[in-house]
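Here's upload12.pdb, which has PDB, C-alpha atoms and all ligand atoms:
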MODEL        1
ATOM      1  CA  MET X  23     190.050   6.695  -1.034  1.00  0.00           C
ATOM      2  CA  ARG X  24     189.070   3.084  -1.844  1.00  0.00           C
ATOM      3  CA  VAL X  25     187.267   1.229   0.957  1.00  0.00           C
ATOM      4  CA  LEU X  26     186.413  -2.470   0.622  1.00  0.00           C
ATOM      5  CA  ILE X  27     183.029  -3.734   1.819  1.00  0.00           C
ATOM      6  CA  GLY X  28     184.044  -7.058   3.356  1.00  0.00           C
ATOM      7  CA  THR X  29     180.976  -9.235   2.887  1.00  0.00           C
ATOM      8  CA  ARG X  30     180.295 -12.062   0.447  1.00  0.00           C
ATOM      9  CA  ASN X  31     176.561 -11.998   1.218  1.00  0.00           C
ATOM     10  CA  PRO X  32     174.861 -10.147  -1.699  1.00  0.00           C
ATOM     11  CA  HIS X  33     171.807  -9.174   0.417  1.00  0.00           C
ATOM     12  CA  LYS X  34     173.970  -7.576   3.081  1.00  0.00           C
ATOM     13  CA  LEU X  35     176.108  -5.881   0.456  1.00  0.00           C
ATOM     14  CA  GLY X  36     173.026  -4.363  -1.201  1.00  0.00           C
ATOM     15  CA  GLU X  37     171.776  -3.009   2.128  1.00  0.00           C
ATOM     16  CA  ILE X  38     175.172  -1.594   3.138  1.00  0.00           C
ATOM     17  CA  VAL X  39     175.614   0.241  -0.172  1.00  0.00           C
ATOM     18  CA  ARG X  40     172.039   1.609  -0.035  1.00  0.00           C
ATOM     19  CA  ILE X  41     172.368   2.741   3.582  1.00  0.00           C
ATOM     20  CA  LEU X  42     175.777   4.422   3.347  1.00  0.00           C
ATOM     21  CA  GLY X  43     175.229   5.821  -0.171  1.00  0.00           C
ATOM     22  CA  GLU X  44     177.822   8.332  -1.270  1.00  0.00           C
ATOM     23  CA  ILE X  45     180.363   9.505   1.268  1.00  0.00           C
ATOM     24  CA  PRO X  46     182.503  12.306  -0.176  1.00  0.00           C
ATOM     25  CA  GLY X  47     186.031  11.051  -0.827  1.00  0.00           C
ATOM     26  CA  ILE X  48     185.161   7.340  -0.564  1.00  0.00           C
ATOM     27  CA  GLN X  49     184.957   4.913  -3.453  1.00  0.00           C
ATOM     28  CA  TRP X  50     183.314   1.614  -2.447  1.00  0.00           C
ATOM     29  CA  VAL X  51     184.988  -1.586  -3.622  1.00  0.00           C
ATOM     30  CA  THR X  52     183.218  -4.959  -3.360  1.00  0.00           C
ATOM     31  CA  PHE X  53     184.227  -8.629  -3.559  1.00  0.00           C
ATOM     32  CA  ARG X  54     183.372  -8.524  -7.285  1.00  0.00           C
ATOM     33  CA  GLU X  55     186.233  -6.080  -8.043  1.00  0.00           C
ATOM     34  CA  CYS X  56     188.501  -7.311  -5.263  1.00  0.00           C
ATOM     35  CA  PRO X  57     187.803 -10.967  -4.407  1.00  0.00           C
ATOM     36  CA  PHE X  58     188.809 -12.078  -0.906  1.00  0.00           C
ATOM     37  CA  SER X  59     188.860 -15.421   0.892  1.00  0.00           C
ATOM     38  CA  GLU X  60     186.013 -16.549   3.126  1.00  0.00           C
ATOM     39  CA  VAL X  61     186.921 -15.851   6.753  1.00  0.00           C
ATOM     40  CA  PRO X  62     186.128 -18.776   9.077  1.00  0.00           C
ATOM     41  CA  GLU X  63     183.593 -17.439  11.598  1.00  0.00           C
ATOM     42  CA  GLU X  64     185.193 -18.989  14.637  1.00  0.00           C
ATOM     43  CA  GLY X  65     184.552 -16.238  17.167  1.00  0.00           C
ATOM     44  CA  ALA X  66     182.287 -16.771  20.171  1.00  0.00           C
ATOM     45  CA  THR X  67     180.604 -13.377  19.721  1.00  0.00           C
ATOM     46  CA  LEU X  68     179.399 -11.099  16.927  1.00  0.00           C
ATOM     47  CA  GLU X  69     182.117  -8.635  18.012  1.00  0.00           C
ATOM     48  CA  GLU X  70     184.884 -11.209  17.560  1.00  0.00           C
ATOM     49  CA  ASN X  71     183.618 -12.317  14.146  1.00  0.00           C
ATOM     50  CA  ALA X  72     183.213  -8.743  12.890  1.00  0.00           C
ATOM     51  CA  ARG X  73     186.740  -7.991  14.054  1.00  0.00           C
ATOM     52  CA  LEU X  74     188.175 -11.162  12.455  1.00  0.00           C
ATOM     53  CA  LYS X  75     186.458 -10.452   9.121  1.00  0.00           C
ATOM     54  CA  ALA X  76     187.533  -6.793   8.915  1.00  0.00           C
ATOM     55  CA  ILE X  77     191.148  -7.450   9.945  1.00  0.00           C
ATOM     56  CA  MET X  78     191.724 -10.546   7.792  1.00  0.00           C
ATOM     57  CA  ILE X  79     190.132  -9.053   4.666  1.00  0.00           C
ATOM     58  CA  SER X  80     191.985  -5.768   5.153  1.00  0.00           C
ATOM     59  CA  GLN X  81     195.307  -7.627   5.506  1.00  0.00           C
ATOM     60  CA  GLU X  82     194.596  -9.739   2.420  1.00  0.00           C
ATOM     61  CA  SER X  83     193.485  -6.811   0.233  1.00  0.00           C
ATOM     62  CA  GLY X  84     195.684  -4.046   1.608  1.00  0.00           C
ATOM     63  CA  LEU X  85     192.565  -1.820   1.696  1.00  0.00           C
ATOM     64  CA  PRO X  86     190.652  -0.208   4.569  1.00  0.00           C
ATOM     65  CA  THR X  87     187.792  -2.687   5.089  1.00  0.00           C
ATOM     66  CA  LEU X  88     184.275  -2.342   6.458  1.00  0.00           C
ATOM     67  CA  ALA X  89     182.817  -5.696   7.553  1.00  0.00           C
ATOM     68  CA  GLU X  90     180.018  -6.746   9.877  1.00  0.00           C
ATOM     69  CA  ASP X  91     178.591  -9.707  11.709  1.00  0.00           C
ATOM     70  CA  SER X  92     174.882  -9.867  12.454  1.00  0.00           C
ATOM     71  CA  GLY X  93     172.593 -12.197  14.325  1.00  0.00           C
ATOM     72  CA  LEU X  94     169.133 -12.735  15.726  1.00  0.00           C
ATOM     73  CA  GLU X  95     168.985 -13.054  19.529  1.00  0.00           C
ATOM     74  CA  VAL X  96     165.803 -14.643  20.942  1.00  0.00           C
ATOM     75  CA  VAL X  97     165.139 -14.122  24.669  1.00  0.00           C
ATOM     76  CA  ALA X  98     163.302 -17.438  25.227  1.00  0.00           C
ATOM     77  CA  LEU X  99     166.200 -19.312  23.568  1.00  0.00           C
ATOM     78  CA  GLY X 100     168.825 -17.725  25.800  1.00  0.00           C
ATOM     79  CA  GLY X 101     170.100 -15.468  22.985  1.00  0.00           C
ATOM     80  CA  ALA X 102     170.219 -18.177  20.273  1.00  0.00           C
ATOM     81  CA  PRO X 103     170.712 -18.398  17.346  1.00  0.00           C
ATOM     82  CA  GLY X 104     172.952 -15.332  17.942  1.00  0.00           C
ATOM     83  CA  VAL X 105     176.434 -15.766  16.578  1.00  0.00           C
ATOM     84  CA  ARG X 106     175.281 -19.034  14.918  1.00  0.00           C
ATOM     85  CA  SER X 107     172.428 -17.352  12.989  1.00  0.00           C
ATOM     86  CA  ALA X 108     173.717 -18.200   9.489  1.00  0.00           C
ATOM     87  CA  ARG X 109     174.281 -21.893  10.310  1.00  0.00           C
ATOM     88  CA  PHE X 110     171.418 -22.471  12.786  1.00  0.00           C
ATOM     89  CA  SER X 111     170.104 -25.500  10.865  1.00  0.00           C
ATOM     90  CA  GLY X 112     173.379 -26.609   9.263  1.00  0.00           C
ATOM     91  CA  GLU X 113     176.367 -25.636   7.141  1.00  0.00           C
ATOM     92  CA  ALA X 114     174.194 -24.865   4.079  1.00  0.00           C
ATOM     93  CA  LYS X 115     173.192 -21.394   5.448  1.00  0.00           C
ATOM     94  CA  ASP X 116     169.638 -22.208   4.257  1.00  0.00           C
ATOM     95  CA  TYR X 117     167.319 -19.305   5.204  1.00  0.00           C
ATOM     96  CA  GLY X 118     164.098 -21.373   4.832  1.00  0.00           C
ATOM     97  CA  ALA X 119     165.409 -24.216   6.989  1.00  0.00           C
ATOM     98  CA  ASN X 120     166.668 -21.746   9.636  1.00  0.00           C
ATOM     99  CA  ASN X 121     163.252 -20.082   9.822  1.00  0.00           C
ATOM    100  CA  ARG X 122     161.439 -23.439  10.073  1.00  0.00           C
ATOM    101  CA  LYS X 123     163.720 -24.555  12.884  1.00  0.00           C
ATOM    102  CA  LEU X 124     163.191 -21.287  14.753  1.00  0.00           C
ATOM    103  CA  LEU X 125     159.384 -21.409  14.387  1.00  0.00           C
ATOM    104  CA  GLU X 126     159.356 -25.038  15.601  1.00  0.00           C
ATOM    105  CA  LEU X 127     161.419 -24.170  18.681  1.00  0.00           C
ATOM    106  CA  MET X 128     159.095 -21.235  19.395  1.00  0.00           C
ATOM    107  CA  GLU X 129     155.846 -23.230  19.036  1.00  0.00           C
ATOM    108  CA  GLY X 130     153.655 -22.489  22.052  1.00  0.00           C
ATOM    109  CA  VAL X 131     156.245 -20.102  23.561  1.00  0.00           C
ATOM    110  CA  ARG X 132     154.532 -16.952  24.884  1.00  0.00           C
ATOM    111  CA  ASP X 133     157.608 -14.780  25.393  1.00  0.00           C
ATOM    112  CA  ARG X 134     158.475 -14.005  21.751  1.00  0.00           C
ATOM    113  CA  ARG X 135     160.852 -11.093  22.355  1.00  0.00           C
ATOM    114  CA  ALA X 136     163.941 -10.960  20.152  1.00  0.00           C
ATOM    115  CA  ARG X 137     166.411  -8.525  18.694  1.00  0.00           C
ATOM    116  CA  PHE X 138     168.608  -8.254  15.647  1.00  0.00           C
ATOM    117  CA  ARG X 139     172.111  -7.069  16.399  1.00  0.00           C
ATOM    118  CA  THR X 140     174.791  -5.906  13.957  1.00  0.00           C
ATOM    119  CA  VAL X 141     178.395  -5.260  14.891  1.00  0.00           C
ATOM    120  CA  ALA X 142     180.171  -3.291  12.166  1.00  0.00           C
ATOM    121  CA  ALA X 143     183.975  -3.221  12.074  1.00  0.00           C
ATOM    122  CA  LEU X 144     186.328  -0.891  10.228  1.00  0.00           C
ATOM    123  CA  ALA X 145     189.927  -2.111   9.925  1.00  0.00           C
ATOM    124  CA  LEU X 146     192.910  -0.354   8.361  1.00  0.00           C
ATOM    125  CA  PRO X 147     195.818  -2.271   6.824  1.00  0.00           C
ATOM    126  CA  ASP X 148     198.051  -0.945   9.651  1.00  0.00           C
ATOM    127  CA  GLY X 149     195.957  -3.011  12.114  1.00  0.00           C
ATOM    128  CA  ARG X 150     193.831  -0.262  13.686  1.00  0.00           C
ATOM    129  CA  LEU X 151     190.191  -1.255  14.262  1.00  0.00           C
ATOM    130  CA  TRP X 152     186.887   0.346  15.288  1.00  0.00           C
ATOM    131  CA  LEU X 153     183.608  -1.418  16.218  1.00  0.00           C
ATOM    132  CA  ARG X 154     180.073   0.039  16.206  1.00  0.00           C
ATOM    133  CA  GLU X 155     176.825  -1.708  17.242  1.00  0.00           C
ATOM    134  CA  GLY X 156     173.205  -1.416  16.091  1.00  0.00           C
ATOM    135  CA  VAL X 157     170.124  -3.126  17.562  1.00  0.00           C
ATOM    136  CA  LEU X 158     166.525  -3.586  16.380  1.00  0.00           C
ATOM    137  CA  LYS X 159     164.062  -4.901  18.971  1.00  0.00           C
ATOM    138  CA  GLY X 160     160.964  -6.913  18.064  1.00  0.00           C
ATOM    139  CA  THR X 161     159.179 -10.257  18.358  1.00  0.00           C
ATOM    140  CA  ILE X 162     159.167 -13.592  16.542  1.00  0.00           C
ATOM    141  CA  ALA X 163     156.033 -14.086  14.404  1.00  0.00           C
ATOM    142  CA  THR X 164     154.031 -17.325  14.567  1.00  0.00           C
ATOM    143  CA  GLU X 165     154.541 -18.015  10.858  1.00  0.00           C
ATOM    144  CA  ALA X 166     156.797 -16.740   8.050  1.00  0.00           C
ATOM    145  CA  ARG X 167     155.299 -13.802   6.124  1.00  0.00           C
ATOM    146  CA  GLY X 168     156.567 -11.668   3.221  1.00  0.00           C
ATOM    147  CA  LYS X 169     159.031 -11.953   0.353  1.00  0.00           C
ATOM    148  CA  GLY X 170     161.370  -8.998   0.940  1.00  0.00           C
ATOM    149  CA  GLY X 171     164.704  -8.849   2.716  1.00  0.00           C
ATOM    150  CA  PHE X 172     166.584 -12.048   3.547  1.00  0.00           C
ATOM    151  CA  GLY X 173     167.451 -14.426   6.375  1.00  0.00           C
ATOM    152  CA  TYR X 174     165.105 -14.172   9.352  1.00  0.00           C
ATOM    153  CA  ASP X 175     163.191 -11.127   7.998  1.00  0.00           C
ATOM    154  CA  PRO X 176     159.968 -13.159   7.303  1.00  0.00           C
ATOM    155  CA  VAL X 177     159.705 -14.184  10.992  1.00  0.00           C
ATOM    156  CA  PHE X 178     160.714 -10.904  12.686  1.00  0.00           C
ATOM    157  CA  VAL X 179     158.201  -8.181  13.596  1.00  0.00           C
ATOM    158  CA  PRO X 180     159.884  -4.913  14.678  1.00  0.00           C
ATOM    159  CA  GLU X 181     158.602  -3.201  17.840  1.00  0.00           C
ATOM    160  CA  GLY X 182     155.585  -0.973  17.104  1.00  0.00           C
ATOM    161  CA  GLU X 183     154.874  -2.759  13.786  1.00  0.00           C
ATOM    162  CA  ALA X 184     152.344  -5.421  12.714  1.00  0.00           C
ATOM    163  CA  ARG X 185     154.279  -6.468   9.601  1.00  0.00           C
ATOM    164  CA  THR X 186     157.399  -8.596   9.416  1.00  0.00           C
ATOM    165  CA  LEU X 187     160.576  -7.023   8.000  1.00  0.00           C
ATOM    166  CA  ALA X 188     160.018  -9.123   4.853  1.00  0.00           C
ATOM    167  CA  GLU X 189     156.611  -7.449   4.331  1.00  0.00           C
ATOM    168  CA  MET X 190     158.210  -3.976   4.275  1.00  0.00           C
ATOM    169  CA  ALA X 191     159.667  -2.146   1.293  1.00  0.00           C
ATOM    170  CA  PRO X 192     163.481  -2.183   1.285  1.00  0.00           C
ATOM    171  CA  GLU X 193     163.612   1.546   2.193  1.00  0.00           C
ATOM    172  CA  GLU X 194     161.326   0.924   5.178  1.00  0.00           C
ATOM    173  CA  LYS X 195     163.603  -1.820   6.510  1.00  0.00           C
ATOM    174  CA  ASP X 196     166.662   0.369   5.881  1.00  0.00           C
ATOM    175  CA  ARG X 197     165.176   3.257   7.886  1.00  0.00           C
ATOM    176  CA  ILE X 198     164.928   1.228  11.105  1.00  0.00           C
ATOM    177  CA  SER X 199     167.295  -1.709  10.764  1.00  0.00           C
ATOM    178  CA  HIS X 200     170.048  -2.879  13.101  1.00  0.00           C
ATOM    179  CA  ARG X 201     172.391  -2.566  10.106  1.00  0.00           C
ATOM    180  CA  ARG X 202     171.336   1.056   9.579  1.00  0.00           C
ATOM    181  CA  ARG X 203     171.961   1.891  13.231  1.00  0.00           C
ATOM    182  CA  ALA X 204     175.425   0.323  13.278  1.00  0.00           C
ATOM    183  CA  LEU X 205     176.436   1.941   9.986  1.00  0.00           C
ATOM    184  CA  GLU X 206     175.195   5.411  10.990  1.00  0.00           C
ATOM    185  CA  ARG X 207     177.491   5.140  14.011  1.00  0.00           C
ATOM    186  CA  MET X 208     180.319   4.190  11.657  1.00  0.00           C
ATOM    187  CA  ARG X 209     179.671   7.048   9.192  1.00  0.00           C
ATOM    188  CA  PRO X 210     181.633   9.769  11.069  1.00  0.00           C
ATOM    189  CA  LEU X 211     184.689   7.488  11.149  1.00  0.00           C
ATOM    190  CA  LEU X 212     184.413   6.819   7.417  1.00  0.00           C
ATOM    191  CA  SER X 213     184.186  10.567   6.742  1.00  0.00           C
ATOM    192  CA  ALA X 214     187.222  11.169   8.941  1.00  0.00           C
ATOM    193  CA  LEU X 215     189.095   8.431   7.059  1.00  0.00           C
ATOM    194  CA  ALA X 216     188.223  10.072   3.733  1.00  0.00           C
ATOM    195  CA  ARG X 217     189.547  13.425   5.013  1.00  0.00           C
ATOM    196  CA  GLY X 218     192.792  11.748   6.099  1.00  0.00           C
ATOM    197  CA  GLU X 219     192.054  12.427   9.780  1.00  0.00           C
ATOM    198  CA  LEU X 220     192.169   8.880  11.174  1.00  0.00           C
TER     199      LEU X 220
HETATM  200  P1  LIG X 301     179.380 -12.468   5.499  1.00  0.00           P
HETATM  201  O1  LIG X 301     180.030 -13.178   6.658  1.00  0.00           O
HETATM  202  O2  LIG X 301     180.097 -12.661   4.201  1.00  0.00           O
HETATM  203  O3  LIG X 301     179.163 -11.007   5.784  1.00  0.00           O
HETATM  204  P2  LIG X 301     177.054 -14.126   6.209  1.00  0.00           P
HETATM  205  O4  LIG X 301     175.747 -14.416   5.549  1.00  0.00           O
HETATM  206  O5  LIG X 301     177.914 -15.294   6.603  1.00  0.00           O
HETATM  207  O6  LIG X 301     177.908 -13.088   5.286  1.00  0.00           O
HETATM  208  P3  LIG X 301     176.708 -13.468   9.017  1.00  0.00           P
HETATM  209  O7  LIG X 301     177.743 -14.412   9.455  1.00  0.00           O
HETATM  210  O8  LIG X 301     176.674 -12.127   9.625  1.00  0.00           O
HETATM  211  O9  LIG X 301     176.779 -13.205   7.444  1.00  0.00           O
HETATM  212  O10 LIG X 301     175.331 -14.224   9.148  1.00  0.00           O
HETATM  213  C1  LIG X 301     174.296 -13.646   9.697  1.00  0.00           C
HETATM  214  C2  LIG X 301     173.030 -14.436   9.414  1.00  0.00           C
HETATM  215  O11 LIG X 301     172.048 -13.770  10.185  1.00  0.00           O
HETATM  216  C3  LIG X 301     172.590 -14.343   7.956  1.00  0.00           C
HETATM  217  O12 LIG X 301     172.968 -15.452   7.194  1.00  0.00           O
HETATM  218  C4  LIG X 301     171.076 -14.263   8.119  1.00  0.00           C
HETATM  219  O13 LIG X 301     170.541 -15.557   8.283  1.00  0.00           O
HETATM  220  C5  LIG X 301     170.913 -13.517   9.431  1.00  0.00           C
HETATM  221  N1  LIG X 301     170.774 -12.061   9.218  1.00  0.00           N
HETATM  222  C6  LIG X 301     171.745 -11.112   9.276  1.00  0.00           C
HETATM  223  N2  LIG X 301     171.250  -9.893   9.014  1.00  0.00           N
HETATM  224  C7  LIG X 301     169.933 -10.086   8.774  1.00  0.00           C
HETATM  225  C8  LIG X 301     168.866  -9.233   8.426  1.00  0.00           C
HETATM  226  O14 LIG X 301     169.049  -7.923   8.226  1.00  0.00           O
HETATM  227  N3  LIG X 301     167.672  -9.756   8.279  1.00  0.00           N
HETATM  228  C9  LIG X 301     167.460 -11.076   8.452  1.00  0.00           C
HETATM  229  N4  LIG X 301     168.403 -11.958   8.754  1.00  0.00           N
HETATM  230  C10 LIG X 301     169.642 -11.468   8.916  1.00  0.00           C
ENDMDL
END

Can the structure in the file be given as C-alpha cells, please?
Ligand code: ITT
Amino acid sequence: MRVLIGTRNPHKLGEIVRILGEIPGIQWVTFRECPFSEVPEEGATLEENARLKAIMISQESGLPTLAEDSGLEVVALGGAPGVRSARFSGEAKDYGANNRKLLELMEGVRDRRARFRTVAALALPDGRLWLREGVLKGTIATEARGKGGFGYDPVFVPEGEARTLAEMAPEEKDRISHRRRALERMRPLLSALARGEL
C-alpha cells in the first residue's frame, strides 16, 4: 500500500523515513514523486495543524497521508514559540534568525525549561483521522552549539544530556526525539493499515 509522507520540509522527511524505516506492506511516497500544495498553517494548536495537513494532502493526493506538526514550547515564554515555531522571527522560516530571537528573549532568564512536541496525523482519503503525540523535555542553552539536525536543535539540550540536539549524531537524536515518540505510537496503526485492518 502506498502511503504519502505529507511534509515539504526535507529535514523532517529525512527523520521520518529513518525512524519508521521499512514497514511490511507499506511503500513510502514523498512530495518528490507526488507533489502537493502547501497547506496554510492556520490552526491555533499543533493538533489542528497536523490534522489540517494530513486531511488536505490526503484529499488532494487520494492517498493515505502521514503528516505532522511540531513546535518548541518554552515555559518562561508561556509556551511560545509553540505553534508559531517555524515563523517565530518572520515568514522566511529562517532557523538562524529564530534561534537568535529565542536566545535574546531568554537572556538572563533562569527558568530555561522547554519541550519539543510533535503531533503526528494519519488521514485516509475517506476522511478518517488518527493523532499521536510525542514529547522531548529539556532546557534552552545559553548559546547555539552544533551543526547537526535543523531548526531549534542547536539551542535545545535534552533532559539528562550536556550536549544540544545539534551536537548529537542523527541516530542519537532519532533514538530520543519527540518525532520518534510520536511516530512509534503511530506505527501500530500503519501496520494495521498495511494489513487492511483499519
Ligand atoms: P511542513 O509543514 O511541510 O511539515 P514545516 O517546516 O513548516 O514543514 P512545522 O510547521 O511543523 O514544519 O514547523 C515546525 C518548526 O519547528 C520547524 O520549522 C523548526 O523550526 C521547528 N522544529 C520542528 N521539529 C524540530 C526538530 O526536530 N528540531 C528542531 N526544530 C524543530

(request) Could you state which residues are captured by the PyMOL selection byres (((chain X and resi 82) around 10) and not hetatm) in this file, as a PyMOL selection string? (result) chain X and resi 57-59+77-81+83-85+147

Restricting the output to C-alpha atoms, write the selected residues as an mmCIF file, keeping the file's coordinate frame.
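And here is the file that came out, out-v6.cif:
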data_model
loop_
_atom_site.group_PDB
_atom_site.id
_atom_site.type_symbol
_atom_site.label_atom_id
_atom_site.label_comp_id
_atom_site.auth_asym_id
_atom_site.auth_seq_id
_atom_site.Cartn_x
_atom_site.Cartn_y
_atom_site.Cartn_z
ATOM 1 C CA PRO X 57 187.803 -10.967 -4.407
ATOM 2 C CA PHE X 58 188.809 -12.078 -0.906
ATOM 3 C CA SER X 59 188.860 -15.421 0.892
ATOM 4 C CA ILE X 77 191.148 -7.450 9.945
ATOM 5 C CA MET X 78 191.724 -10.546 7.792
ATOM 6 C CA ILE X 79 190.132 -9.053 4.666
ATOM 7 C CA SER X 80 191.985 -5.768 5.153
ATOM 8 C CA GLN X 81 195.307 -7.627 5.506
ATOM 9 C CA SER X 83 193.485 -6.811 0.233
ATOM 10 C CA GLY X 84 195.684 -4.046 1.608
ATOM 11 C CA LEU X 85 192.565 -1.820 1.696
ATOM 12 C CA PRO X 147 195.818 -2.271 6.824
#

(message) as number ranges by chain, please: the residues near Gly36 of chain X (cut-off 12 Å, all atoms listed in the file, same-chain neighbours under 4 positions excluded).
(response) X: 27, 29-32, 40-43, 50, 52, 171-172, 192-193, 196, 201

(request) Would you mind listing what lies within 10 Å of Leu127 of chain X as a list of chain:residue names, with all atoms listed in the file counted and same-chain residues fewer than 6 positions away left out? (result) X:Ala98, X:Leu99, X:Asn121

Closest contacts (chain X/ligand LIG 301 (chain X), max 9 Å, all atoms listed in the file) as CSV:
residue,atom,partner,partner_atom,distance
X:Gly28,CA,X:LIG301,O3,6.7
X:Thr29,CA,X:LIG301,O2,3.8
X:Arg30,CA,X:LIG301,O2,3.8
X:Asn31,CA,X:LIG301,O6,4.4
X:Pro32,CA,X:LIG301,O6,8.2
X:His33,CA,X:LIG301,O4,8.3
X:Lys34,CA,X:LIG301,O3,6.8
X:Leu35,CA,X:LIG301,O3,8.0
X:Glu37,CA,X:LIG301,O14,8.3
X:Glu60,CA,X:LIG301,O2,7.2
X:Val61,CA,X:LIG301,O1,7.4
X:Pro62,CA,X:LIG301,O1,8.6
X:Glu63,CA,X:LIG301,O7,6.9
X:Leu68,CA,X:LIG301,O8,7.9
X:Asn71,CA,X:LIG301,O7,7.8
X:Ala72,CA,X:LIG301,O8,8.1
X:Lys75,CA,X:LIG301,O1,7.4
X:Ala89,CA,X:LIG301,O3,6.7
X:Glu90,CA,X:LIG301,O3,6.0
X:Asp91,CA,X:LIG301,O8,3.7
X:Ser92,CA,X:LIG301,O8,4.0
X:Gly93,CA,X:LIG301,O11,4.5
X:Leu94,CA,X:LIG301,O11,6.3
X:Pro103,CA,X:LIG301,O11,8.6
X:Gly104,CA,X:LIG301,O11,8.0
X:Val105,CA,X:LIG301,O7,7.4
X:Arg106,CA,X:LIG301,O10,7.5
X:Ser107,CA,X:LIG301,O11,4.6
X:Ala108,CA,X:LIG301,O12,3.7
X:Arg109,CA,X:LIG301,O12,7.3
X:Phe110,CA,X:LIG301,O13,8.3
X:Lys115,CA,X:LIG301,O12,6.2
X:Asp116,CA,X:LIG301,O13,7.8
X:Tyr117,CA,X:LIG301,O13,5.8
X:Asn120,CA,X:LIG301,O13,7.4
X:Asn121,CA,X:LIG301,O13,8.7
X:Phe138,CA,X:LIG301,C7,7.2
X:Arg139,CA,X:LIG301,N2,8.0
X:Thr140,CA,X:LIG301,N2,7.3
X:Val141,CA,X:LIG301,O8,8.8
X:Gly171,CA,X:LIG301,N3,6.4
X:Phe172,CA,X:LIG301,C9,5.1
X:Gly173,CA,X:LIG301,N4,3.6
X:Tyr174,CA,X:LIG301,C9,4.0
X:Asp175,CA,X:LIG301,C9,4.3
X:Pro176,CA,X:LIG301,C9,7.9
X:Val177,CA,X:LIG301,C9,8.7
X:Phe178,CA,X:LIG301,C9,8.0
X:Leu187,CA,X:LIG301,N3,7.6
X:Ala188,CA,X:LIG301,N3,8.4
X:Lys195,CA,X:LIG301,O14,8.4
X:Asp196,CA,X:LIG301,O14,8.9
X:Ser199,CA,X:LIG301,O14,6.9
X:His200,CA,X:LIG301,O14,7.1
X:Arg201,CA,X:LIG301,O14,6.6

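Of the residues listed (X:Ala191, X:Val96, X:Val39, X:Ile48), X:Ile48 shows the shortest atom-to-atom separation from Gly218 of chain X; distances use all atoms listed in the file.
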
Write out as AutoDock Vina command-line options an axis-aligned box for segment 63-73 of chain X: all of its atoms listed in the file, 4 Å added on each side, centre and edge lengths in Å with one decimal.
--center_x 183.1 --center_y -13.5 --center_z 15.9 --size_x 15.3 --size_y 19.0 --size_z 16.6

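Closest approach to Arg154 of chain X among X:Gly170, X:Glu69, X:Leu124, X:Arg132 is made by X:Glu69 (distances from only C-alpha atoms).
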
(message) So, with all atoms listed in the file as the atoms that count, which of X:Met190, X:Met23, X:Leu205, X:Ala145 lies closest to Thr87 of chain X?
(response) X:Ala145

(request) Name every residue that the PyMOL selection byres (((chain X and resi 162) around 7) and not hetatm) selects in this structure, writing the answer as a list in words with chains first and numbers rising. (result) Arg134, Arg135, Ala136, Thr161, Ala163, Thr164, Val177, Phe178 and Val179 of chain X

(request) Would you mind telling me which residue in X:Ala204, X:Leu144, X:Leu158, X:Ala184 lies nearest to Leu220 of chain X when using all atoms listed in the file? (result) X:Leu144

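One finds atom CA of Leu88 of chain X at 12.6 Å from atom CA of Arg207 of chain X.
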
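The shortest atom-to-atom distance to Ala142 of chain X, with only C-alpha atoms taken into account, belongs to X:Leu211 out of X:Ile198, X:Val97, X:Leu211, X:Val51.
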